[in-house]
Amino acid sequence: MNVLFLTLAKIETLQQRGIYHDLMREFSNHGHNLYIVSPTERRENQKSSIKIEGNTTLLNVRTFNIQKTNFIEKGISTLTIEKIFLRAVKKYFSDIKFDLVIYSTPPITFTGVIKYIKKRDNAKTYLLLKDIFPQNAVDMQLMSKKGLLYNYFRTKEKALYNISDKIGCMSQANVRFLLNHNPYLSEEKIEINPNSIELVPFVEMTDNEKREIKIKYGIPNDKKTFIYGGNLGKPQGIDFLIETLKAKSDDERAFFVVIGSGTEYNKIRNWFDTFRPKNALLLSAVPKSDYDRLVQTCDIGLIFLHKDFTIPNYPSRLLSYLEFKMGVLAATDSNTDIGADIMKNGCGFAVNSGNLPAMLESVDKFIEMDGTKFEEMRQNSLEFLKKDFQVEQSYQKIIKLLH
């Protein structure tokens, strides 16, 4: 089959790892001809380019900055990307008849491209719903429901759902939210199809390897180490992360590693520079291979979500933590079910973001947990990953659309 994948995540090769790289590699391994369209952002100073890798054609299209940028530029990029991608598809893939179009949110403005391919090729269409916009912008007070911009994007959102033959949601809470807020959608159109990765054999690092990495980054070897890795933006509720670090700054039993980039990075950088915590380290983004090795030297993975969200987010960083057999501590809004899933599968604790006493109690539980219990929790993490987040499962759900 000829499969077209549209995404905002830059994909230059399928040799790398990531939720979209792994999913597309699964399609490639099943012998399908893949055509992937992803952006080359303006800040990278590169022209549009095309590259062939086996049965995969990778088209990187020059766009405005859209990831980890200010709200104004993000908005302009979201408005223009549909035309940019449509022009690129017409230019480079005019002679390809597509059987299937897969696309992920953000953005919700791919409707024109999808409509064009669907009409031209009679293709099936599958939406991987990773982000519910514009409601998330309303939750973060970046947009008002009374404004023209909201109404414009809400119309676009409905059009995207309508043109999709199937919508894969991150969790049961996402399915409920989608049906409650879009009653015109049929239940048959929606299924759970979460972030997924290719399972690779897990080889534990030796104590010496872990010690070397800890020495490299200045992480003590005798403390329970908590790590937050990923985007540092408003949706992550960075204020509560800072509150937690401050409240635990005198606890000599724990060490905290914060690693990432985003619109709120400077806020946390300023706090580190001013407060100078002795038991915490802040790093800007590092290459994925270095990040993976650093994560493996830590004990507990942290997830933070802003307390004001009404949409049920399900951050993909959970998968890295589960893959490396880590305990997980999630501070989230009350609408997502990621915390409930973590608790139900016995791999960590969850609290409401903003509830500092509950957060500190959970940190202490991890610090004081005996080795046997902690090892059991680590094993539960890997089992949770195997059960719910394997890329083969995701592939089978999508491909079923064509049978």
# chains A, B, ... in the order shown; residues from 1 in each chain; ligands from 1
$ residues_around --residues "stretch 231-242 of chain A" --least-positions-apart "5" --cutoff "10 Å" --atoms "only C-alpha atoms" --output "tab-separated table (two decimals) with all heavy atoms, in the first residue's frame"
chain	number	residue	atom	x	y	z
A	68	LYS	N	7.70	24.93	20.24
A	68	LYS	CA	8.49	25.65	21.24
A	68	LYS	C	8.77	27.09	20.83
A	68	LYS	O	9.91	27.57	20.84
A	68	LYS	CB	9.80	24.90	21.54
A	68	LYS	CG	9.53	23.55	22.19
A	68	LYS	CD	10.76	22.73	22.40
A	68	LYS	CE	10.42	21.37	22.97
A	68	LYS	NZ	11.51	20.45	23.04
A	69	THR	N	7.70	27.77	20.41
A	69	THR	CA	7.83	29.18	20.04
A	69	THR	C	6.68	29.95	20.70
A	69	THR	O	5.83	29.35	21.35
A	69	THR	CB	7.81	29.35	18.51
A	69	THR	OG1	8.09	30.71	18.19
A	69	THR	CG2	6.47	28.95	17.90
A	136	ASN	N	-7.42	23.30	24.59
A	136	ASN	CA	-6.23	23.40	25.46
A	136	ASN	C	-5.73	24.84	25.57
A	136	ASN	O	-5.23	25.26	26.61
A	136	ASN	CB	-5.12	22.44	25.00
A	136	ASN	CG	-4.63	22.71	23.60
A	136	ASN	OD1	-5.14	23.57	22.90
A	136	ASN	ND2	-3.63	21.94	23.17
A	137	ALA	N	-5.87	25.62	24.48
A	137	ALA	CA	-5.48	27.04	24.52
A	137	ALA	C	-6.42	27.84	25.43
A	137	ALA	O	-5.99	28.78	26.12
A	137	ALA	CB	-5.48	27.62	23.12
A	139	ASP	N	-7.96	26.51	28.07
A	139	ASP	CA	-7.57	26.08	29.43
A	139	ASP	C	-6.37	26.88	29.94
A	139	ASP	O	-6.28	27.21	31.12
A	139	ASP	CB	-7.20	24.59	29.44
A	139	ASP	CG	-8.43	23.69	29.24
A	139	ASP	OD1	-9.56	24.20	29.34
A	139	ASP	OD2	-8.24	22.48	28.99
A	140	MET	N	-5.42	27.17	29.03
A	140	MET	CA	-4.20	27.91	29.40
A	140	MET	C	-4.39	29.43	29.32
A	140	MET	O	-3.43	30.19	29.42
A	140	MET	CB	-3.03	27.49	28.50
A	140	MET	CG	-2.58	26.05	28.67
A	140	MET	SD	-1.90	25.69	30.31
A	140	MET	CE	-3.34	25.07	31.18
A	247	ALA	N	10.43	23.08	48.11
A	247	ALA	CA	10.01	22.43	49.36
A	247	ALA	C	10.94	21.28	49.73
A	247	ALA	O	11.07	20.93	50.92
A	247	ALA	CB	8.58	21.92	49.22
A	248	LYS	N	11.59	20.67	48.75
A	248	LYS	CA	12.47	19.52	49.00
A	248	LYS	C	13.95	19.89	48.97
A	248	LYS	O	14.81	19.01	49.02
A	248	LYS	CB	12.19	18.43	47.95
A	248	LYS	CG	11.04	17.51	48.34
A	248	LYS	CD	11.44	16.64	49.52
A	248	LYS	CE	10.30	15.86	50.10
A	248	LYS	NZ	10.65	15.24	51.38
A	258	VAL	N	16.26	18.08	36.23
A	258	VAL	CA	15.26	18.65	35.30
A	258	VAL	C	15.97	18.88	33.98
A	258	VAL	O	17.00	19.55	33.93
A	258	VAL	CB	14.68	19.98	35.84
A	258	VAL	CG1	13.67	20.56	34.86
A	258	VAL	CG2	14.05	19.77	37.21
A	259	ILE	N	15.41	18.29	32.91
A	259	ILE	CA	16.08	18.40	31.62
A	259	ILE	C	15.05	18.65	30.52
A	259	ILE	O	14.03	17.99	30.46
A	259	ILE	CB	16.89	17.11	31.35
A	259	ILE	CG1	17.56	17.14	29.99
A	259	ILE	CG2	16.04	15.87	31.45
A	259	ILE	CD1	18.63	16.08	29.86
A	260	GLY	N	15.31	19.68	29.72
A	260	GLY	CA	14.34	19.98	28.66
A	260	GLY	C	14.49	21.40	28.15
A	260	GLY	O	15.42	22.11	28.50
A	261	SER	N	13.53	21.79	27.31
A	261	SER	CA	13.51	23.15	26.76
A	261	SER	C	12.06	23.53	26.54
A	261	SER	O	11.17	22.69	26.64
A	261	SER	CB	14.29	23.19	25.43
A	261	SER	OG	13.69	22.31	24.51
A	262	GLY	N	11.83	24.79	26.23
A	262	GLY	CA	10.46	25.24	26.01
A	262	GLY	C	10.28	26.67	26.46
A	262	GLY	O	11.22	27.32	26.93
A	263	THR	N	9.05	27.16	26.35
A	263	THR	CA	8.77	28.58	26.59
A	263	THR	C	8.98	28.99	28.05
A	263	THR	O	9.18	30.16	28.35
A	263	THR	CB	7.33	28.93	26.18
A	263	THR	OG1	6.43	28.03	26.83
A	263	THR	CG2	7.15	28.81	24.68
A	264	GLU	N	8.94	28.02	28.99
A	264	GLU	CA	9.11	28.35	30.41
A	264	GLU	C	10.52	28.01	30.92
A	264	GLU	O	10.78	28.08	32.12
A	264	GLU	CB	8.09	27.58	31.26
A	264	GLU	CG	6.63	27.87	30.91
A	264	GLU	CD	6.14	29.19	31.49
A	264	GLU	OE1	5.85	29.24	32.68
A	264	GLU	OE2	6.05	30.17	30.72
A	265	TYR	N	11.41	27.64	30.01
A	265	TYR	CA	12.77	27.26	30.43
A	265	TYR	C	13.45	28.39	31.20
A	265	TYR	O	14.07	28.17	32.23
A	265	TYR	CB	13.63	26.84	29.22
A	265	TYR	CG	15.06	26.53	29.61
A	265	TYR	CD1	15.40	25.30	30.16
A	265	TYR	CD2	16.07	27.49	29.48
A	265	TYR	CE1	16.71	25.02	30.55
A	265	TYR	CE2	17.38	27.22	29.86
A	265	TYR	CZ	17.70	25.98	30.39
A	265	TYR	OH	18.98	25.71	30.79
A	266	ASN	N	13.31	29.63	30.68
A	266	ASN	CA	13.98	30.76	31.34
A	266	ASN	C	13.45	30.99	32.75
A	266	ASN	O	14.20	31.41	33.64
A	266	ASN	CB	13.86	32.04	30.50
A	266	ASN	CG	14.76	31.99	29.28
A	266	ASN	OD1	15.74	31.24	29.27
A	266	ASN	ND2	14.45	32.77	28.26
A	267	LYS	N	12.16	30.73	32.95
A	267	LYS	CA	11.58	30.90	34.29
A	267	LYS	C	12.27	29.96	35.29
A	267	LYS	O	12.67	30.38	36.38
A	267	LYS	CB	10.08	30.60	34.25
A	267	LYS	CG	9.42	30.67	35.63
A	267	LYS	CD	7.96	30.27	35.60
A	267	LYS	CE	7.08	31.48	35.46
A	267	LYS	NZ	5.66	31.20	35.72
A	268	ILE	N	12.43	28.70	34.89
A	268	ILE	CA	13.05	27.73	35.81
A	268	ILE	C	14.56	27.97	35.91
A	268	ILE	O	15.16	27.81	36.96
A	268	ILE	CB	12.70	26.27	35.42
A	268	ILE	CG1	13.01	25.34	36.58
A	268	ILE	CG2	13.34	25.81	34.14
A	268	ILE	CD1	12.33	24.00	36.52
A	271	TRP	N	15.04	30.68	38.38
A	271	TRP	CA	14.86	30.18	39.75
A	271	TRP	C	16.12	29.43	40.21
A	271	TRP	O	16.58	29.63	41.33
A	271	TRP	CB	13.64	29.25	39.82
A	271	TRP	CG	13.43	28.76	41.23
A	271	TRP	CD1	12.83	29.43	42.26
A	271	TRP	CD2	13.89	27.51	41.79
A	271	TRP	NE1	12.87	28.68	43.42
A	271	TRP	CE2	13.51	27.50	43.16
A	271	TRP	CE3	14.58	26.42	41.27
A	271	TRP	CZ2	13.81	26.43	44.01
A	271	TRP	CZ3	14.87	25.35	42.11
A	271	TRP	CH2	14.49	25.36	43.47
A	272	PHE	N	16.67	28.59	39.37
A	272	PHE	CA	17.91	27.87	39.71
A	272	PHE	C	19.05	28.84	40.00
A	272	PHE	O	19.79	28.67	40.96
A	272	PHE	CB	18.31	26.92	38.58
A	272	PHE	CG	17.82	25.50	38.76
A	272	PHE	CD1	16.53	25.15	38.42
A	272	PHE	CD2	18.65	24.51	39.28
A	272	PHE	CE1	16.07	23.85	38.58
A	272	PHE	CE2	18.21	23.21	39.45
A	272	PHE	CZ	16.92	22.87	39.11
A	284	SER	N	19.63	21.95	29.79
A	284	SER	CA	18.81	22.19	28.61
A	284	SER	C	18.82	20.90	27.78
A	284	SER	O	19.51	19.95	28.11
A	284	SER	CB	19.33	23.38	27.81
A	284	SER	OG	20.67	23.14	27.44
A	285	ALA	N	18.06	20.86	26.72
A	285	ALA	CA	17.88	19.63	25.95
A	285	ALA	C	19.22	19.01	25.53
A	285	ALA	O	20.15	19.72	25.16
A	285	ALA	CB	17.03	19.92	24.72
A	302	LEU	N	9.36	11.83	36.63
A	302	LEU	CA	8.32	12.80	37.02
A	302	LEU	C	7.51	13.26	35.81
A	302	LEU	O	8.06	13.47	34.73
A	302	LEU	CB	8.97	14.04	37.66
A	302	LEU	CG	9.74	13.82	38.98
A	302	LEU	CD1	10.53	15.07	39.32
A	302	LEU	CD2	8.79	13.46	40.11
A	303	ILE	N	6.20	13.39	36.01
A	303	ILE	CA	5.30	13.96	35.00
A	303	ILE	C	4.57	15.13	35.64
A	303	ILE	O	4.03	14.99	36.74
A	303	ILE	CB	4.30	12.90	34.50
A	303	ILE	CG1	5.01	11.83	33.66
A	303	ILE	CG2	3.17	13.54	33.68
A	303	ILE	CD1	4.15	10.63	33.32
A	304	PHE	N	4.56	16.27	34.97
A	304	PHE	CA	3.83	17.44	35.46
A	304	PHE	C	2.86	17.93	34.39
A	304	PHE	O	3.22	18.03	33.22
A	304	PHE	CB	4.79	18.59	35.81
A	304	PHE	CG	5.51	18.40	37.12
A	304	PHE	CD1	6.68	17.66	37.19
A	304	PHE	CD2	5.00	18.96	38.29
A	304	PHE	CE1	7.35	17.48	38.39
A	304	PHE	CE2	5.66	18.78	39.50
A	304	PHE	CZ	6.83	18.04	39.55
A	305	LEU	N	1.63	18.22	34.81
A	305	LEU	CA	0.64	18.84	33.91
A	305	LEU	C	-0.04	19.99	34.66
A	305	LEU	O	-0.26	19.90	35.87
A	305	LEU	CB	-0.42	17.82	33.49
A	305	LEU	CG	-0.02	16.82	32.40
A	305	LEU	CD1	-1.09	15.74	32.26
A	305	LEU	CD2	0.21	17.52	31.07
A	306	HIS	N	-0.37	21.04	33.95
A	306	HIS	CA	-1.00	22.21	34.55
A	306	HIS	C	-2.35	21.83	35.17
A	306	HIS	O	-3.13	21.10	34.57
A	306	HIS	CB	-1.20	23.29	33.48
A	306	HIS	CG	-1.38	24.66	34.03
A	306	HIS	ND1	-2.53	25.05	34.71
A	306	HIS	CD2	-0.55	25.74	34.03
A	306	HIS	CE1	-2.39	26.30	35.08
A	306	HIS	NE2	-1.22	26.75	34.69
A	307	LYS	N	-2.61	22.35	36.36
A	307	LYS	CA	-3.83	21.98	37.11
A	307	LYS	C	-5.12	22.45	36.43
A	307	LYS	O	-6.20	21.93	36.72
A	307	LYS	CB	-3.76	22.53	38.54
A	307	LYS	CG	-3.73	24.04	38.64
A	307	LYS	CD	-3.63	24.50	40.09
A	307	LYS	CE	-3.42	25.99	40.22
A	307	LYS	NZ	-4.42	26.82	39.57
A	308	ASP	N	-5.04	23.42	35.52
A	308	ASP	CA	-6.26	24.00	34.93
A	308	ASP	C	-6.76	23.27	33.69
A	308	ASP	O	-7.77	23.68	33.11
A	308	ASP	CB	-6.02	25.48	34.58
A	308	ASP	CG	-5.83	26.34	35.81
A	308	ASP	OD1	-6.22	25.89	36.91
A	308	ASP	OD2	-5.26	27.44	35.69
A	309	PHE	N	-6.08	22.22	33.27
A	309	PHE	CA	-6.52	21.53	32.06
A	309	PHE	C	-7.89	20.87	32.26
A	309	PHE	O	-8.12	20.20	33.26
A	309	PHE	CB	-5.52	20.47	31.62
A	309	PHE	CG	-4.46	20.98	30.70
A	309	PHE	CD1	-3.11	20.87	31.03
A	309	PHE	CD2	-4.79	21.58	29.50
A	309	PHE	CE1	-2.13	21.34	30.17
A	309	PHE	CE2	-3.82	22.06	28.63
A	309	PHE	CZ	-2.48	21.95	28.97
A	313	ASN	N	-4.86	15.25	28.96
A	313	ASN	CA	-3.54	15.02	28.34
A	313	ASN	C	-2.95	13.68	28.78
A	313	ASN	O	-3.22	13.21	29.89
A	313	ASN	CB	-2.58	16.14	28.75
A	313	ASN	CG	-2.88	17.44	28.05
A	313	ASN	OD1	-2.85	17.52	26.84
A	313	ASN	ND2	-3.21	18.48	28.82
A	315	PRO	N	0.91	12.56	28.46
A	315	PRO	CA	2.27	12.85	27.94
A	315	PRO	C	3.04	11.60	27.53
A	315	PRO	O	3.04	10.59	28.24
A	315	PRO	CB	2.95	13.54	29.13
A	315	PRO	CG	1.84	14.06	29.97
A	315	PRO	CD	0.71	13.10	29.81
A	317	ARG	N	6.16	11.17	27.55
A	317	ARG	CA	7.37	10.87	28.32
A	317	ARG	C	7.15	9.69	29.28
A	317	ARG	O	8.10	9.06	29.72
A	317	ARG	CB	7.87	12.09	29.08
A	317	ARG	CG	7.04	12.57	30.25
A	317	ARG	CD	7.65	13.83	30.85
A	317	ARG	NE	7.78	14.85	29.84
A	317	ARG	CZ	6.83	15.71	29.51
A	317	ARG	NH1	5.66	15.66	30.11
A	317	ARG	NH2	7.01	16.61	28.58
A	331	ALA	N	2.05	14.50	38.66
A	331	ALA	CA	1.25	15.60	39.24
A	331	ALA	C	0.44	16.17	38.09
A	331	ALA	O	0.99	16.80	37.19
A	331	ALA	CB	2.17	16.66	39.83
A	332	THR	N	-0.87	15.91	38.11
A	332	THR	CA	-1.68	16.24	36.94
A	332	THR	C	-2.96	16.98	37.33
A	332	THR	O	-3.29	17.11	38.51
A	332	THR	CB	-2.10	14.96	36.19
A	332	THR	OG1	-3.07	14.26	36.96
A	332	THR	CG2	-0.90	14.06	35.92
A	333	ASP	N	-3.69	17.41	36.30
A	333	ASP	CA	-5.03	17.95	36.50
A	333	ASP	C	-5.96	16.79	36.86
A	333	ASP	O	-5.58	15.62	36.77
A	333	ASP	CB	-5.52	18.63	35.22
A	333	ASP	CG	-5.49	17.68	34.03
A	333	ASP	OD1	-6.50	17.00	33.80
A	333	ASP	OD2	-4.44	17.59	33.36
A	353	SER	N	-2.04	18.27	40.61
A	353	SER	CA	-1.07	19.36	40.50
A	353	SER	C	-1.51	20.52	41.40
A	353	SER	O	-2.68	20.89	41.38
A	353	SER	CB	-0.99	19.82	39.05
A	353	SER	OG	0.01	20.78	38.90
A	354	GLY	N	-0.59	21.05	42.18
A	354	GLY	CA	-0.92	22.13	43.10
A	354	GLY	C	-1.09	21.66	44.53
A	354	GLY	O	-1.05	22.45	45.47
A	355	ASN	N	-1.28	20.35	44.73
A	355	ASN	CA	-1.43	19.80	46.07
A	355	ASN	C	-0.05	19.43	46.61
A	355	ASN	O	0.40	18.29	46.50
A	355	ASN	CB	-2.35	18.57	46.03
A	355	ASN	CG	-2.68	18.04	47.43
A	355	ASN	OD1	-1.97	18.33	48.40
A	355	ASN	ND2	-3.74	17.27	47.53
A	356	LEU	N	0.62	20.43	47.22
A	356	LEU	CA	2.01	20.23	47.65
A	356	LEU	C	2.15	19.17	48.74
A	356	LEU	O	3.05	18.33	48.65
A	356	LEU	CB	2.61	21.57	48.09
A	356	LEU	CG	4.13	21.57	48.32
A	356	LEU	CD1	4.90	21.17	47.06
A	356	LEU	CD2	4.61	22.93	48.82
A	359	MET	N	2.10	15.83	47.16
A	359	MET	CA	3.30	15.64	46.34
A	359	MET	C	4.50	15.26	47.21
A	359	MET	O	5.22	14.30	46.91
A	359	MET	CB	3.59	16.93	45.56
A	359	MET	CG	4.74	16.82	44.57
A	359	MET	SD	4.34	15.68	43.22
A	359	MET	CE	5.77	15.88	42.17
$ select_by_dssp --residues "stretch 138-381 of chain A" --states "strand (DSSP E or B)" --output "MDAnalysis selection string"
chainID A and resid 166:169 190:192 197 224:231 254:261 280:283 300:304 327:332 348:352
$ residues_around --residues "A:Ile300" --least-positions-apart "4" --cutoff "9 Å" --atoms "only C-alpha atoms" --output "PyMOL selection string"
chain A and resi 224-228+295+321+326-329+348+366
$ residues_around --residues "A:Tyr314" --least-positions-apart "4" --cutoff "10 Å" --atoms "only C-alpha atoms" --output "list of chain:residue names"
A:Lys130, A:Asp131, A:Cys169, A:Met170, A:Ser171, A:Ala173, A:Asn174, A:Pro194, A:Asn195, A:Ile303, A:Leu305, A:Leu318, A:Thr332, A:Thr336, A:Asp337, A:Ile338, A:Gly339
$ write_last_selection --atoms "C-alpha atoms" --output "mmCIF file, in the first residue's frame"
data_model
loop_
_atom_site.group_PDB
_atom_site.id
_atom_site.type_symbol
_atom_site.label_atom_id
_atom_site.label_comp_id
_atom_site.auth_asym_id
_atom_site.auth_seq_id
_atom_site.Cartn_x
_atom_site.Cartn_y
_atom_site.Cartn_z
ATOM 1 C CA LYS A 130 -2.574 13.667 20.530
ATOM 2 C CA ASP A 131 -3.795 17.151 21.344
ATOM 3 C CA CYS A 169 -7.438 8.591 21.127
ATOM 4 C CA MET A 170 -4.776 8.451 23.832
ATOM 5 C CA SER A 171 -6.958 6.984 26.581
ATOM 6 C CA ALA A 173 -10.796 9.749 29.226
ATOM 7 C CA ASN A 174 -9.961 11.192 25.793
ATOM 8 C CA PRO A 194 -2.233 5.619 22.474
ATOM 9 C CA ASN A 195 1.387 6.656 21.997
ATOM 10 C CA ILE A 303 5.302 13.958 34.998
ATOM 11 C CA LEU A 305 0.637 18.842 33.915
ATOM 12 C CA LEU A 318 5.604 8.183 30.379
ATOM 13 C CA THR A 332 -1.682 16.243 36.941
ATOM 14 C CA THR A 336 -6.639 13.098 32.751
ATOM 15 C CA ASP A 337 -6.537 9.375 33.528
ATOM 16 C CA ILE A 338 -2.751 8.976 33.234
ATOM 17 C CA GLY A 339 -2.401 9.129 37.030
#
$ closest_residue --among "A:Ser28, A:Asn180, A:Ser77, A:Asn60" --to "A:Lys10" --atoms "only C-alpha atoms"
A:Asn60
$ closest_residue --among "A:Ala9, A:Asn29, A:Tyr92, A:Pro107" --to "A:Ser49" --atoms "only C-alpha atoms"
A:Tyr92
$ closest_residue --among "A:Leu34, A:Leu294, A:Leu319, A:Leu59" --to "A:Val391" --atoms "only C-alpha atoms"
A:Leu319
$ residues_around --residues "A:Asp99" --least-positions-apart "2" --cutoff "9 Å" --atoms "only C-alpha atoms" --output "list in words"
Met1, Asn2, Val3, Leu4, Lys97, Val101, Lys118, Asp121, Asn122, Ala123, Lys124, Thr125 and Leu402 of chain A
$ residues_around --residues "stretch 145-160 of chain A" --least-positions-apart "3" --cutoff "8 Å" --atoms "only C-alpha atoms" --output "compact mmCIF listing (two decimals) with N, CA, C and O atoms, in the first residue's frame"
# COMPACT_ATOMS: atom_id res chain seq x y z
N ILE A 108 -4.61 21.08 13.89
CA ILE A 108 -5.94 20.64 13.45
C ILE A 108 -6.25 21.19 12.07
O ILE A 108 -7.37 21.08 11.59
N THR A 109 -5.25 21.78 11.43
CA THR A 109 -5.49 22.48 10.16
C THR A 109 -5.02 21.69 8.94
O THR A 109 -4.67 22.28 7.92
N PHE A 110 -4.98 20.38 9.03
CA PHE A 110 -4.59 19.56 7.89
C PHE A 110 -5.77 19.20 6.98
O PHE A 110 -5.61 18.48 6.00
N THR A 111 -6.96 19.67 7.34
CA THR A 111 -8.19 19.22 6.66
C THR A 111 -8.12 19.35 5.14
O THR A 111 -8.51 18.43 4.42
N PHE A 133 -7.25 20.76 20.50
CA PHE A 133 -7.14 22.20 20.29
C PHE A 133 -8.39 22.65 19.54
O PHE A 133 -8.90 21.91 18.70
N PRO A 134 -8.99 23.80 19.86
CA PRO A 134 -8.45 24.92 20.64
C PRO A 134 -8.74 24.88 22.15
O PRO A 134 -8.36 25.80 22.87
N VAL A 138 -7.70 27.46 25.46
CA VAL A 138 -8.66 28.10 26.37
C VAL A 138 -8.29 27.78 27.82
O VAL A 138 -8.28 28.65 28.68
N ILE A 163 -13.82 14.59 8.58
CA ILE A 163 -13.15 14.00 7.40
C ILE A 163 -12.39 12.72 7.74
O ILE A 163 -12.02 11.95 6.87
N SER A 164 -12.19 12.47 9.04
CA SER A 164 -11.44 11.29 9.48
C SER A 164 -12.35 10.06 9.50
O SER A 164 -13.43 10.10 10.09
N ASN A 182 -18.40 16.54 21.31
CA ASN A 182 -18.71 16.45 19.87
C ASN A 182 -19.77 15.37 19.66
O ASN A 182 -19.49 14.32 19.08
$ select_by_dssp --residues "stretch 139-346 of chain A" --states "alpha helix (DSSP H)" --output "ChimeraX atom specification"
/A:139,148-163,172-181,207-217,238-247,265-275,288-296,317-323,338-344
$ closest_residue --among "A:Thr63, A:Asn345, A:Ser104, A:Thr274" --to "A:Arg378" --atoms "only C-alpha atoms"
A:Asn345
$ residues_around --residues "A:Asn221" --least-positions-apart "3" --cutoff "10 Å" --atoms "only C-alpha atoms" --output "ChimeraX atom specification"
/A:207,210-212,214-215,218,224-225,255,297-298
$ write_last_selection --atoms "N, CA, C and O atoms" --output "tab-separated table (two decimals), in the first residue's frame"
chain	number	residue	atom	x	y	z
A	207	ASP	N	26.48	-0.98	37.34
A	207	ASP	CA	26.66	0.07	38.36
A	207	ASP	C	27.79	1.01	37.98
A	207	ASP	O	27.72	2.22	38.23
A	210	LYS	N	26.56	3.44	35.31
A	210	LYS	CA	25.70	4.46	35.95
A	210	LYS	C	26.54	5.47	36.71
A	210	LYS	O	26.29	6.68	36.65
A	211	ARG	N	27.54	4.97	37.43
A	211	ARG	CA	28.39	5.86	38.24
A	211	ARG	C	29.12	6.86	37.34
A	211	ARG	O	29.22	8.04	37.67
A	212	GLU	N	29.62	6.39	36.19
A	212	GLU	CA	30.35	7.28	35.27
A	212	GLU	C	29.46	8.41	34.76
A	212	GLU	O	29.88	9.57	34.69
A	214	LYS	N	26.74	9.55	36.25
A	214	LYS	CA	26.43	10.44	37.39
A	214	LYS	C	27.60	11.39	37.67
A	214	LYS	O	27.39	12.57	37.96
A	215	ILE	N	28.80	10.87	37.57
A	215	ILE	CA	29.99	11.73	37.78
A	215	ILE	C	30.03	12.82	36.71
A	215	ILE	O	30.27	13.99	37.01
A	218	GLY	N	27.45	15.34	37.63
A	218	GLY	CA	27.47	15.84	39.01
A	218	GLY	C	26.27	15.38	39.83
A	218	GLY	O	25.76	16.11	40.69
A	224	LYS	N	18.14	8.89	46.22
A	224	LYS	CA	17.05	8.56	45.30
A	224	LYS	C	16.97	9.71	44.29
A	224	LYS	O	16.79	10.87	44.67
A	225	THR	N	17.10	9.38	43.02
A	225	THR	CA	17.15	10.42	42.00
A	225	THR	C	15.86	10.47	41.20
A	225	THR	O	15.42	9.47	40.63
A	255	PHE	N	17.63	13.67	45.12
A	255	PHE	CA	18.25	14.55	44.14
A	255	PHE	C	17.32	14.65	42.93
A	255	PHE	O	16.72	13.66	42.53
A	297	THR	N	20.05	6.18	34.71
A	297	THR	CA	20.79	6.28	35.98
A	297	THR	C	19.89	6.79	37.11
A	297	THR	O	20.28	6.79	38.27
A	298	CYS	N	18.68	7.24	36.75
A	298	CYS	CA	17.76	7.79	37.75
A	298	CYS	C	16.77	6.73	38.21
A	298	CYS	O	16.65	5.66	37.61
$ closest_residue --among "A:Leu128, A:Met205, A:Val89, A:Val37" --to "A:Val113" --atoms "only C-alpha atoms"
A:Val89
$ closest_residue --among "A:Thr13, A:Thr40, A:Ser144, A:Ser94" --to "A:Gly54" --atoms "only C-alpha atoms"
A:Thr13
$ atom_distance --atom1 "atom CA of A:Ile84" --atom2 "atom CA of A:Leu100"
20.3 Å
$ atom_distance --atom1 "atom CA of A:Leu127" --atom2 "atom CA of A:Ile167"
4.8 Å
$ decode --residues "stretch 179-189 of chain A" --atoms "N, CA and C atoms" --output "PDB file, in the first residue's frame"
ATOM      1  N   LEU A 179     -16.428  12.486  22.762  1.00  0.00           N
ATOM      2  CA  LEU A 179     -17.855  12.211  22.529  1.00  0.00           C
ATOM      3  C   LEU A 179     -18.752  13.219  23.252  1.00  0.00           C
ATOM      4  N   ASN A 180     -18.362  13.609  24.473  1.00  0.00           N
ATOM      5  CA  ASN A 180     -19.154  14.582  25.236  1.00  0.00           C
ATOM      6  C   ASN A 180     -19.194  15.949  24.571  1.00  0.00           C
ATOM      7  N   HIS A 181     -18.061  16.355  23.973  1.00  0.00           N
ATOM      8  CA  HIS A 181     -17.964  17.699  23.395  1.00  0.00           C
ATOM      9  C   HIS A 181     -18.262  17.728  21.900  1.00  0.00           C
ATOM     10  N   ASN A 182     -18.397  16.540  21.308  1.00  0.00           N
ATOM     11  CA  ASN A 182     -18.715  16.453  19.873  1.00  0.00           C
ATOM     12  C   ASN A 182     -19.773  15.375  19.662  1.00  0.00           C
ATOM     13  N   PRO A 183     -21.004  15.620  20.145  1.00  0.00           N
ATOM     14  CA  PRO A 183     -22.047  14.591  20.125  1.00  0.00           C
ATOM     15  C   PRO A 183     -22.441  14.123  18.728  1.00  0.00           C
ATOM     16  N   TYR A 184     -22.037  14.875  17.694  1.00  0.00           N
ATOM     17  CA  TYR A 184     -22.345  14.474  16.316  1.00  0.00           C
ATOM     18  C   TYR A 184     -21.470  13.284  15.863  1.00  0.00           C
ATOM     19  N   LEU A 185     -20.391  12.975  16.615  1.00  0.00           N
ATOM     20  CA  LEU A 185     -19.503  11.867  16.238  1.00  0.00           C
ATOM     21  C   LEU A 185     -20.096  10.528  16.681  1.00  0.00           C
ATOM     22  N   SER A 186     -19.944   9.508  15.859  1.00  0.00           N
ATOM     23  CA  SER A 186     -20.431   8.183  16.258  1.00  0.00           C
ATOM     24  C   SER A 186     -19.357   7.465  17.070  1.00  0.00           C
ATOM     25  N   GLU A 187     -19.788   6.660  18.020  1.00  0.00           N
ATOM     26  CA  GLU A 187     -18.839   5.922  18.865  1.00  0.00           C
ATOM     27  C   GLU A 187     -17.972   4.981  18.038  1.00  0.00           C
ATOM     28  N   GLU A 188     -18.508   4.453  16.946  1.00  0.00           N
ATOM     29  CA  GLU A 188     -17.773   3.494  16.108  1.00  0.00           C
ATOM     30  C   GLU A 188     -16.535   4.143  15.461  1.00  0.00           C
ATOM     31  N   LYS A 189     -16.587   5.462  15.342  1.00  0.00           N
ATOM     32  CA  LYS A 189     -15.491   6.163  14.671  1.00  0.00           C
ATOM     33  C   LYS A 189     -14.262   6.315  15.572  1.00  0.00           C
TER      34      LYS A 189
END
